[in-house]
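Asker: Data: entry08.tsv, TSV, C-alpha atoms.
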```tsv
chain	number	residue	atom	x	y	z
A	30	MET	CA	105.18	-143.42	110.39
A	31	PRO	CA	101.92	-142.90	112.26
A	32	GLN	CA	101.79	-139.48	113.77
A	33	GLU	CA	99.72	-137.71	116.37
A	34	PRO	CA	97.93	-134.49	115.50
A	35	LEU	CA	100.05	-131.63	116.77
A	36	ALA	CA	97.62	-128.80	116.28
A	37	ALA	CA	93.92	-128.21	116.10
A	38	PRO	CA	92.65	-128.00	112.53
A	39	THR	CA	92.04	-124.60	111.09
A	40	ASP	CA	88.51	-123.36	110.54
A	41	ARG	CA	89.40	-121.91	107.14
A	42	LEU	CA	90.30	-123.80	103.99
A	43	ARG	CA	92.29	-121.87	101.39
A	44	LEU	CA	91.09	-122.65	97.87
A	45	LEU	CA	93.58	-122.49	94.98
A	46	ILE	CA	92.26	-122.99	91.46
A	47	ASP	CA	95.08	-123.28	88.94
A	48	PRO	CA	94.70	-123.72	85.19
A	49	PRO	CA	96.09	-126.93	83.67
A	50	GLY	CA	99.86	-126.60	83.54
A	51	ASP	CA	103.34	-128.11	83.41
A	52	ALA	CA	103.77	-131.41	85.27
A	53	ALA	CA	106.96	-130.46	87.10
A	54	TRP	CA	105.48	-127.13	88.19
A	55	ASN	CA	102.36	-128.90	89.41
A	56	MET	CA	104.38	-131.23	91.60
A	57	ALA	CA	106.64	-128.39	92.73
A	58	VAL	CA	103.64	-126.42	93.96
A	59	ASP	CA	102.31	-129.43	95.86
A	60	ALA	CA	105.75	-129.87	97.44
A	61	ALA	CA	105.83	-126.18	98.39
A	62	LEU	CA	102.39	-126.41	99.97
A	63	LEU	CA	103.53	-129.43	102.00
A	64	ALA	CA	106.69	-127.66	103.13
A	65	GLY	CA	104.76	-124.48	103.93
A	66	ARG	CA	102.87	-123.42	106.98
A	67	HIS	CA	99.34	-122.84	105.74
A	68	PRO	CA	97.15	-125.05	107.91
A	69	ALA	CA	94.72	-126.16	105.19
A	70	THR	CA	94.75	-125.73	101.43
A	71	LEU	CA	92.59	-127.31	98.75
A	72	ARG	CA	94.07	-126.95	95.29
A	73	PHE	CA	92.58	-127.88	91.93
A	74	TYR	CA	94.76	-128.12	88.84
A	75	GLY	CA	95.41	-130.18	85.73
A	76	PHE	CA	98.14	-131.11	83.28
A	77	GLU	CA	98.88	-129.34	80.02
A	78	PRO	CA	100.54	-130.89	78.15
A	79	ALA	CA	99.54	-134.41	79.19
A	80	ALA	CA	102.17	-136.03	81.39
A	81	LEU	CA	103.10	-139.20	83.22
A	82	THR	CA	103.84	-139.11	86.94
A	83	LEU	CA	105.61	-141.98	88.65
A	84	GLY	CA	105.13	-143.08	92.24
A	85	ARG	CA	107.88	-142.28	94.71
A	86	PHE	CA	109.69	-145.61	94.34
A	87	GLN	CA	108.66	-146.79	90.89
A	88	ASP	CA	111.11	-148.04	88.30
A	89	ALA	CA	111.34	-145.60	85.38
A	90	ALA	CA	112.87	-148.30	83.17
A	91	ALA	CA	109.55	-150.17	83.33
A	92	PHE	CA	107.73	-147.49	81.35
A	93	PRO	CA	108.56	-147.63	77.63
A	94	GLU	CA	106.65	-144.42	76.93
A	95	LEU	CA	109.44	-142.59	78.72
A	96	ALA	CA	112.12	-144.01	76.45
A	97	SER	CA	110.30	-142.64	73.43
A	98	ARG	CA	109.92	-139.31	75.19
A	99	ALA	CA	106.30	-139.38	74.08
A	100	VAL	CA	105.14	-137.64	77.24
A	101	PRO	CA	106.77	-135.43	79.86
A	102	CYS	CA	107.42	-137.27	83.09
A	103	VAL	CA	107.98	-136.32	86.69
A	104	ARG	CA	108.26	-138.32	89.88
A	105	ARG	CA	105.72	-137.66	92.62
A	106	MET	CA	106.63	-137.38	96.29
A	107	THR	CA	103.73	-139.75	96.95
A	108	GLY	CA	103.61	-143.48	96.37
A	109	GLY	CA	101.43	-145.77	94.31
A	110	GLY	CA	101.41	-146.43	90.59
A	111	ALA	CA	102.08	-144.33	87.53
A	112	ILE	CA	99.38	-141.97	86.31
A	113	LEU	CA	98.87	-140.59	82.83
A	114	HIS	CA	97.43	-137.15	83.43
A	115	VAL	CA	95.30	-136.11	80.46
A	116	ASP	CA	91.94	-134.37	80.39
A	117	GLU	CA	91.56	-134.65	84.14
A	118	LEU	CA	90.80	-132.61	87.21
A	119	THR	CA	93.55	-133.00	89.80
A	120	TYR	CA	93.20	-132.07	93.44
A	121	SER	CA	95.55	-131.69	96.35
A	122	LEU	CA	94.59	-131.31	99.98
A	123	VAL	CA	97.51	-130.09	102.05
A	124	GLY	CA	97.99	-128.90	105.59
A	125	ASP	CA	98.91	-129.63	109.17
A	126	ALA	CA	98.70	-133.29	110.10
A	127	ALA	CA	95.56	-132.59	112.11
A	128	LEU	CA	93.73	-131.73	108.91
A	129	LEU	CA	93.16	-135.44	108.26
A	130	PRO	CA	92.68	-138.44	110.54
A	131	THR	CA	95.95	-139.98	111.74
A	132	ASP	CA	94.78	-143.37	110.52
A	133	VAL	CA	95.48	-143.58	106.79
A	134	HIS	CA	92.42	-145.71	106.10
A	135	ALA	CA	90.12	-143.28	107.93
A	136	SER	CA	91.61	-140.36	106.05
A	137	TYR	CA	90.92	-142.02	102.70
A	138	ASP	CA	87.37	-142.82	103.77
A	139	LEU	CA	86.78	-139.20	104.70
A	140	VAL	CA	88.24	-137.61	101.56
A	141	HIS	CA	87.01	-140.10	98.99
A	142	ASP	CA	83.51	-140.23	100.44
A	143	ALA	CA	83.41	-136.45	100.20
A	144	ILE	CA	84.58	-136.57	96.59
A	145	ALA	CA	81.90	-139.19	95.86
A	146	ARG	CA	79.28	-136.86	97.35
A	147	GLY	CA	80.57	-133.97	95.26
A	148	LEU	CA	80.41	-136.13	92.15
A	149	ALA	CA	76.90	-137.30	93.02
A	150	HIS	CA	75.85	-133.66	93.35
A	151	CYS	CA	76.93	-133.30	89.71
A	152	GLY	CA	75.08	-136.44	88.66
A	153	VAL	CA	78.20	-138.61	88.48
A	154	ARG	CA	77.82	-142.11	89.91
A	155	ALA	CA	80.82	-143.55	91.72
A	156	HIS	CA	81.43	-145.46	94.92
A	157	ARG	CA	84.37	-146.20	97.17
A	158	VAL	CA	85.89	-149.68	97.27
A	159	THR	CA	85.41	-150.80	100.85
A	160	GLU	CA	86.69	-154.37	100.81
A	161	HIS	CA	90.37	-155.19	101.07
A	162	ARG	CA	91.85	-156.15	97.76
A	163	PRO	CA	95.41	-157.36	97.58
A	164	GLY	CA	97.15	-154.68	95.59
A	165	PRO	CA	100.21	-155.26	93.45
A	166	GLY	CA	103.14	-156.47	95.52
A	167	PRO	CA	106.34	-154.47	95.74
A	168	ARG	CA	107.78	-155.91	92.53
A	169	ALA	CA	104.61	-155.47	90.46
A	170	LEU	CA	104.06	-151.98	91.81
A	171	ARG	CA	107.38	-150.84	90.38
A	172	ALA	CA	105.82	-151.07	86.92
A	173	ALA	CA	102.11	-150.61	87.66
A	174	HIS	CA	99.68	-148.00	86.41
A	175	CYS	CA	97.59	-146.61	89.26
A	176	PHE	CA	94.29	-146.79	87.42
A	177	ALA	CA	94.77	-150.34	86.19
A	178	VAL	CA	94.45	-151.80	89.67
A	179	PRO	CA	91.47	-150.52	91.68
A	180	ALA	CA	92.21	-151.08	95.35
A	181	ARG	CA	90.54	-150.45	98.69
A	182	HIS	CA	89.56	-146.78	99.11
A	183	ASP	CA	89.62	-145.98	95.38
A	184	LEU	CA	86.51	-144.47	93.80
A	185	VAL	CA	85.19	-146.69	91.04
A	186	ALA	CA	82.43	-146.59	88.43
A	187	PRO	CA	79.49	-149.00	88.69
A	188	ASP	CA	81.33	-151.30	86.25
A	189	GLY	CA	84.36	-151.40	88.57
A	190	ARG	CA	86.72	-149.22	86.56
A	191	LYS	CA	88.70	-146.73	88.60
A	192	LEU	CA	87.53	-143.12	88.56
A	193	CYS	CA	89.63	-141.52	91.27
A	194	GLY	CA	92.94	-142.61	92.72
A	195	SER	CA	94.81	-140.69	95.40
A	196	ALA	CA	98.06	-140.87	97.32
A	197	GLN	CA	99.45	-139.34	100.49
A	198	ARG	CA	102.75	-138.01	101.77
A	199	ARG	CA	103.11	-137.54	105.50
A	200	THR	CA	106.07	-135.65	106.92
A	201	LEU	CA	107.19	-135.15	110.50
A	202	ARG	CA	109.96	-132.58	110.13
A	203	PRO	CA	110.15	-129.68	110.34
A	204	ARG	CA	106.43	-129.96	111.07
A	205	ALA	CA	103.88	-132.74	111.01
A	206	ARG	CA	102.16	-132.16	107.68
A	207	VAL	CA	100.07	-134.15	105.24
A	208	LEU	CA	99.53	-133.99	101.49
A	209	MET	CA	96.84	-135.98	99.71
A	210	HIS	CA	96.46	-135.57	95.99
A	211	GLY	CA	94.49	-137.40	93.37
A	212	SER	CA	93.39	-137.60	89.80
A	213	LEU	CA	89.87	-137.51	88.37
A	214	PRO	CA	89.69	-138.25	84.61
A	215	LEU	CA	87.13	-136.09	82.83
A	216	LEU	CA	87.00	-137.72	79.38
A	217	PRO	CA	87.20	-141.32	78.13
A	218	ARG	CA	90.63	-142.60	77.10
A	219	ALA	CA	90.88	-144.85	74.08
A	220	ALA	CA	94.41	-145.88	75.01
A	221	GLN	CA	93.49	-146.69	78.62
A	222	PRO	CA	90.08	-148.40	78.58
A	223	PHE	CA	90.54	-149.41	82.22
A	224	VAL	CA	90.12	-145.74	83.22
A	225	ALA	CA	86.60	-144.48	83.97
A	226	SER	CA	85.75	-140.83	83.36
A	227	VAL	CA	83.32	-138.22	84.59
A	228	ALA	CA	81.88	-137.81	81.11
A	229	GLU	CA	80.94	-141.48	80.86
A	230	LEU	CA	79.21	-141.55	84.21
A	231	SER	CA	76.84	-138.63	83.91
A	232	VAL	CA	73.99	-137.79	81.58
A	233	THR	CA	75.06	-134.17	81.44
A	234	PRO	CA	78.76	-133.94	82.30
A	235	PRO	CA	79.46	-131.00	84.61
A	236	ASP	CA	81.81	-128.28	83.47
A	237	ARG	CA	85.10	-127.84	85.30
A	238	ALA	CA	83.91	-124.92	87.43
A	239	ALA	CA	80.76	-126.71	88.58
A	240	LEU	CA	82.73	-129.82	89.44
A	241	ILE	CA	85.27	-127.82	91.45
A	242	ALA	CA	82.52	-126.03	93.34
A	243	ALA	CA	80.76	-129.29	94.22
A	244	LEU	CA	83.97	-131.00	95.32
A	245	ALA	CA	85.10	-128.02	97.38
A	246	ASP	CA	81.73	-127.86	99.15
A	247	ALA	CA	81.78	-131.58	99.89
A	248	LEU	CA	85.36	-131.55	101.15
A	249	THR	CA	84.95	-128.50	103.38
A	250	GLY	CA	81.87	-130.12	104.87
A	251	ALA	CA	83.65	-133.39	105.48
A	252	LEU	CA	86.58	-131.61	107.12
A	253	GLY	CA	84.25	-129.64	109.37
A	254	LEU	CA	85.41	-126.36	107.90
A	255	GLY	CA	83.53	-123.30	106.73
A	256	ALA	CA	83.23	-122.31	103.10
A	257	ALA	CA	86.54	-122.44	101.26
A	258	GLN	CA	88.21	-119.05	100.85
A	259	PRO	CA	89.67	-118.41	97.38
A	260	GLY	CA	93.34	-117.56	97.73
A	261	THR	CA	96.69	-117.48	95.98
A	262	LEU	CA	100.08	-119.04	96.46
A	263	ALA	CA	102.05	-117.03	99.04
A	264	ALA	CA	105.36	-115.48	98.01
A	265	ASP	CA	107.42	-117.90	100.10
A	266	GLU	CA	105.48	-120.85	98.72
A	267	ARG	CA	106.13	-119.68	95.16
A	268	GLU	CA	109.82	-119.27	95.94
A	269	HIS	CA	109.95	-122.77	97.40
A	270	ALA	CA	108.14	-124.17	94.36
A	271	ARG	CA	110.73	-122.59	92.05
A	272	ALA	CA	113.52	-124.24	94.02
A	273	VAL	CA	111.78	-127.62	93.88
A	274	LEU	CA	111.13	-127.15	90.17
A	275	GLY	CA	114.84	-127.09	89.42
A	276	GLN	CA	115.35	-130.33	91.32
A	277	LEU	CA	112.38	-131.99	89.62
A	278	ARG	CA	113.72	-131.06	86.18
A	279	THR	CA	117.06	-132.59	87.06
A	280	ASP	CA	115.25	-135.69	88.31
A	281	ARG	CA	113.20	-135.76	85.10
A	282	ASP	CA	116.37	-135.92	83.02
A	283	THR	CA	117.51	-138.78	85.24
A	284	LEU	CA	114.18	-140.54	84.69
A	285	LEU	CA	114.49	-140.20	80.94
A	286	GLY	CA	118.06	-141.42	81.07
A	287	SER	CA	117.17	-144.47	83.13
A	288	SER	CA	114.35	-145.42	80.77
A	289	ARG	CA	116.57	-145.81	77.72
B	1	MET	CA	104.76	-155.15	123.24
B	2	THR	CA	107.93	-153.23	123.92
B	3	LYS	CA	111.50	-154.26	124.67
B	4	ASP	CA	113.24	-152.97	127.79
B	5	ASP	CA	116.67	-153.06	126.20
B	6	ARG	CA	116.09	-150.09	123.90
B	7	LYS	CA	114.73	-146.56	123.67
B	8	TYR	CA	111.92	-145.17	121.56
B	9	LEU	CA	110.84	-142.06	119.71
B	10	PRO	CA	107.21	-140.95	119.99
B	11	THR	CA	107.09	-141.48	116.22
B	12	HIS	CA	107.59	-145.24	116.76
B	13	GLU	CA	111.25	-145.80	115.95
B	14	TRP	CA	113.40	-147.84	118.37
B	15	CYS	CA	117.13	-147.82	118.96
B	16	ARG	CA	119.41	-150.10	120.95
B	17	ILE	CA	122.83	-148.66	121.74
B	18	GLN	CA	125.74	-151.02	122.42
B	19	ASP	CA	129.40	-149.98	122.45
B	20	GLY	CA	128.60	-146.66	120.76
B	21	ILE	CA	126.66	-148.27	117.90
B	22	ALA	CA	122.90	-147.74	117.67
B	23	THR	CA	120.78	-150.34	115.93
B	24	ILE	CA	117.60	-148.68	114.64
B	25	GLY	CA	114.23	-150.02	113.55
B	26	ILE	CA	110.51	-149.38	113.85
B	27	THR	CA	108.17	-150.87	116.44
B	28	ASP	CA	105.53	-153.54	115.95
B	29	PHE	CA	102.90	-150.87	116.62
B	30	ALA	CA	104.25	-148.87	113.68
B	31	VAL	CA	104.25	-151.91	111.43
B	32	GLN	CA	100.66	-152.76	112.36
B	33	SER	CA	99.55	-149.16	111.86
B	34	LEU	CA	101.21	-148.83	108.48
B	35	SER	CA	100.04	-152.23	107.11
B	36	ASP	CA	100.67	-153.45	103.58
B	37	LEU	CA	104.24	-152.20	103.28
B	38	VAL	CA	105.51	-151.94	99.73
B	39	PHE	CA	108.73	-149.91	99.70
B	40	LEU	CA	111.48	-149.00	102.09
B	41	ASP	CA	114.21	-146.51	101.30
B	42	LEU	CA	117.27	-146.53	103.59
B	43	PRO	CA	120.41	-144.38	103.45
B	44	PRO	CA	123.69	-145.88	102.19
B	45	ILE	CA	126.62	-146.66	104.47
B	46	GLY	CA	128.57	-143.51	105.23
B	47	THR	CA	125.52	-141.23	105.38
B	48	ARG	CA	125.51	-138.84	108.31
B	49	ILE	CA	122.09	-138.68	109.91
B	50	SER	CA	120.77	-136.24	112.48
B	51	ALA	CA	118.61	-137.06	115.48
B	52	ASP	CA	114.96	-136.12	114.95
B	53	ASP	CA	115.41	-135.72	111.19
B	54	ALA	CA	114.09	-138.19	108.64
B	55	PHE	CA	116.69	-140.73	107.55
B	56	GLY	CA	114.47	-142.98	105.46
B	57	GLU	CA	111.06	-143.35	103.90
B	58	ILE	CA	108.53	-146.15	104.01
B	59	GLU	CA	105.60	-146.62	101.65
B	60	SER	CA	102.58	-148.42	102.98
B	61	VAL	CA	99.03	-148.63	101.81
B	62	LYS	CA	98.45	-145.32	100.03
B	63	ALA	CA	100.96	-143.24	102.01
B	64	VAL	CA	104.67	-142.45	102.04
B	65	SER	CA	105.97	-141.58	105.52
B	66	ASP	CA	109.24	-140.48	107.07
B	67	ILE	CA	111.36	-142.66	109.35
B	68	VAL	CA	112.95	-140.44	112.00
B	69	ALA	CA	116.42	-140.89	113.46
B	70	PRO	CA	116.63	-141.48	117.23
B	71	VAL	CA	120.35	-140.60	117.18
B	72	SER	CA	122.88	-138.58	115.24
B	73	GLY	CA	125.90	-140.19	113.66
B	74	GLU	CA	127.26	-142.08	110.67
B	75	VAL	CA	125.51	-145.05	109.12
B	76	VAL	CA	127.98	-147.95	109.38
B	77	GLU	CA	125.74	-150.85	108.38
B	78	VAL	CA	122.46	-151.21	106.46
B	79	ASN	CA	120.06	-154.14	106.43
B	80	GLU	CA	120.30	-154.45	102.65
B	81	ALA	CA	117.96	-157.46	102.49
B	82	LEU	CA	115.09	-155.76	104.28
B	83	PRO	CA	113.67	-153.63	101.41
B	84	ASP	CA	113.30	-156.82	99.36
B	85	ASP	CA	111.52	-158.72	102.12
B	86	LEU	CA	109.33	-156.34	104.07
B	87	ASP	CA	107.37	-159.24	105.57
B	88	VAL	CA	110.27	-159.52	108.00
B	89	LEU	CA	108.97	-156.33	109.60
B	90	LYS	CA	105.69	-158.09	110.34
B	91	THR	CA	107.28	-161.19	111.83
B	92	ASP	CA	110.28	-159.72	113.64
B	93	PRO	CA	110.49	-155.91	113.76
B	94	TRP	CA	112.70	-156.08	116.85
B	95	ASP	CA	115.66	-158.08	115.61
B	96	ALA	CA	115.66	-159.35	112.01
B	97	GLY	CA	113.78	-156.19	111.00
B	98	TRP	CA	116.54	-153.79	112.03
B	99	MET	CA	117.15	-151.08	109.45
B	100	VAL	CA	120.50	-149.35	110.02
B	101	LYS	CA	123.37	-149.29	112.48
B	102	VAL	CA	124.80	-145.90	113.34
B	103	LYS	CA	128.03	-144.82	115.05
B	104	VAL	CA	126.49	-142.51	117.62
B	105	THR	CA	127.58	-138.91	118.12
B	106	GLY	CA	124.41	-137.75	119.89
B	107	GLU	CA	120.94	-138.79	120.95
B	108	SER	CA	117.53	-137.23	120.44
B	109	GLY	CA	116.16	-135.39	123.43
B	110	ASN	CA	112.81	-137.02	122.74
B	111	LEU	CA	113.79	-140.61	123.48
B	112	LEU	CA	111.42	-142.54	125.73
B	113	ASP	CA	112.09	-145.60	127.86
B	114	ALA	CA	110.03	-148.72	127.19
B	115	ALA	CA	107.42	-148.02	129.86
B	116	SER	CA	106.80	-144.47	128.66
B	117	TYR	CA	106.53	-145.58	125.05
B	118	GLN	CA	104.16	-148.39	126.03
B	119	ARG	CA	101.92	-145.88	127.79
B	120	GLN	CA	101.87	-143.73	124.67
B	121	VAL	CA	100.88	-146.70	122.52
B	122	GLU	CA	98.15	-147.77	124.94
B	123	ALA	CA	96.77	-144.24	125.00
B	124	HIS	CA	96.61	-144.30	121.21
B	125	GLU	CA	94.85	-147.67	120.99
```
What does this structure look like when you write it as structure tokens?
Answerer:
Amino acid sequence: MPQEPLAAPTDRLRLLIDPPGDAAWNMAVDAALLAGRHPATLRFYGFEPAALTLGRFQDAAAFPELASRAVPCVRRMTGGGAILHVDELTYSLVGDAALLPTDVHASYDLVHDAIARGLAHCGVRAHRVTEHRPGPGPRALRAAHCFAVPARHDLVAPDGRKLCGSAQRRTLRPRARVLMHGSLPLLPRAAQPFVASVAELSVTPPDRAALIAALADALTGALGLGAAQPGTLAADEREHARAVLGQLRTDRDTLLGSSR
Amino acid sequence: MTKDDRKYLPTHEWCRIQDGIATIGITDFAVQSLSDLVFLDLPPIGTRISADDAFGEIESVKAVSDIVAPVSGEVVEVNEALPDDLDVLKTDPWDAGWMVKVKVTGESGNLLDAASYQRQVEAHE
């Protein structure tokens, strides 16, 4: 539901840089950040091993790769299509609702334009889709891959392939909070030619650290915040993530069961 | 547009209480703000919901959001057809677009009358 900002945005952005890791843990940490109290956190992470995440309401039975147990799978708390996370940089921007515009469209404009500027700083050409495109309807979305269907707000390569897709979760209780996370493929994917990658779109692909620095600078600027402050997960956030992890692993077994 | 025969939460849910049963939905302002609805998740009959807590989730363009309960009580009826035809929320959020009916045990302290809710919406626009 639309929500009014309840607090002024912080002037400090906590920066978390995590190494690529387990899919369920990745989602558990994002859930803990959303449930937490830190006003503004920017997290970078990745997936090792490669994994599939499903949108909040997608149909696991529609994804045959789950039946073969070829990849680990976890359900996101955000919507949209399924994402195969492999050789990518993943971000999450989490905080009080006031961190981002109340209007969902405006919030995507702000974040994705900042990411586009960060990419441009690294010599990567991408632009945001500004026109409305009818996305997959409810039935098609149950089985859709996020990157196969570039939609309004997505960042795309000059040839139209999707380079960055994001999703949001907005909560009202116990506090008005927002989570936006997204996926930025770094290398070309033979099995998913519809996915663009950073490496394809730059003459000299940036290394992970340079890309993170450029994106963090662009996002802090767009949010009107000072330089991001490197930080760590707080003890209560880590505890919450461990609790969520158990639930996600139970859900994962359910996903695998329902895909047979 | 608001309806005088019901109450509202600042988060854009409405409820109409008759004979101890609250019919709950979301306002036309909420539907317009969310746009491009794709999924709706409602609780099953028998679920006990608490006023001011989330009782459902709605996925719109690029965002999943909570739907907050205006009352506490037990869900006694669910609009089972609604998740499969979300266009109803665009055409008739006030009647055909109802979501759940709840046997009321308590009300949120944040409920607004129609005039107060209308002022909030106009201030937002």
Asker: Pick the closest to chain B from A:Arg41, A:His150, A:His182, A:Arg66: which is it, counting all atoms listed in the file?
Answerer: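 Answer, going by the shortest atom-to-atom distance: A:His182.
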Asker: Grab the CA of Arg267 in chain A to CA of Leu122 in chain A distance for me, in Å with one decimal place.
Answerer: 17.1 Å
Asker: Smallest atom-to-atom distance to Arg16 in chain B: which of B:Glu80, B:Asp95, B:Glu122, B:Asp52, using all atoms listed in the file?
Answerer: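 Nearest to Arg16 in chain B: B:Asp95.
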Asker: Counting only C-alpha atoms, which residues of chain A sit at most 6 Å from some atom of chain B, and what is each one's closest atom pair with its distance in Å to one decimal, listed by chain and rising residue number, as a tab-separated table?
Answerer:
```
residue	atom	partner	partner_atom	distance
A:Met30	CA	B:Ser65	CA	5.3
A:Thr107	CA	B:Val64	CA	5.8
A:Gly108	CA	B:Val64	CA	5.9
A:Pro167	CA	B:Val38	CA	4.8
A:Ala196	CA	B:Lys62	CA	5.2
A:Gln197	CA	B:Ala63	CA	4.4
A:Arg198	CA	B:Val64	CA	4.8
A:Arg199	CA	B:Ser65	CA	4.9
A:Thr200	CA	B:Asp66	CA	5.8
```
Asker: With a distance cut-off of 12 Å and all atoms listed in the file, select the neighbouring residues of Gly46 in chain B, excluding the residue or stretch itself and same-chain residues fewer than 6 positions from it, and output the selection as a PyMOL selection string.
Answerer: chain B and resi 73-78+100-103
Asker: I'd like the contact shell of Asp116 in chain A - 10 Å cut-off, only C-alpha atoms, skipping same-chain residues fewer than 6 positions apart - returned as a list of chain:residue names.
Answerer: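 Returned residues: A:Pro49, A:Gly75, A:Phe76, A:Glu77, A:Pro78, A:Ala79, A:Leu213, A:Pro214, A:Leu215, A:Leu216, A:Pro217, A:Arg218, A:Ser226.
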Asker: With C-alpha atoms kept, could you save the residues just selected as a short mmCIF file (atom, residue, chain, number, x, y, z; two decimals), in the frame of the given file?
Answerer:
```cif
data_model
loop_
_atom_site.label_atom_id
_atom_site.label_comp_id
_atom_site.auth_asym_id
_atom_site.auth_seq_id
_atom_site.Cartn_x
_atom_site.Cartn_y
_atom_site.Cartn_z
CA PRO A 49 96.09 -126.93 83.67
CA GLY A 75 95.41 -130.18 85.73
CA PHE A 76 98.14 -131.11 83.28
CA GLU A 77 98.88 -129.34 80.02
CA PRO A 78 100.54 -130.89 78.15
CA ALA A 79 99.54 -134.41 79.19
CA LEU A 213 89.87 -137.51 88.37
CA PRO A 214 89.69 -138.25 84.61
CA LEU A 215 87.13 -136.09 82.83
CA LEU A 216 87.00 -137.72 79.38
CA PRO A 217 87.20 -141.32 78.13
CA ARG A 218 90.63 -142.60 77.10
CA SER A 226 85.75 -140.83 83.36
#
```
Asker: Separation of CA of Ala114 in chain B and CA of Arg202 in chain A, in Å?
Answerer: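 Separating CA of Ala114 in chain B from CA of Arg202 in chain A is a distance of 23.5 Å.
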Asker: Could you tell me how far CA of Leu63 in chain A sits from CA of Val71 in chain B, in Å to one decimal place?
Answerer: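 The value is 25.3 Å.
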Asker: As a VMD selection string, please: the residues near Ala96 in chain B (cut-off 12 Å, only C-alpha atoms, same-chain neighbours under 3 positions excluded).
Answerer: chain B and resid 23 to 26 78 to 82 85 to 93 99 to 100
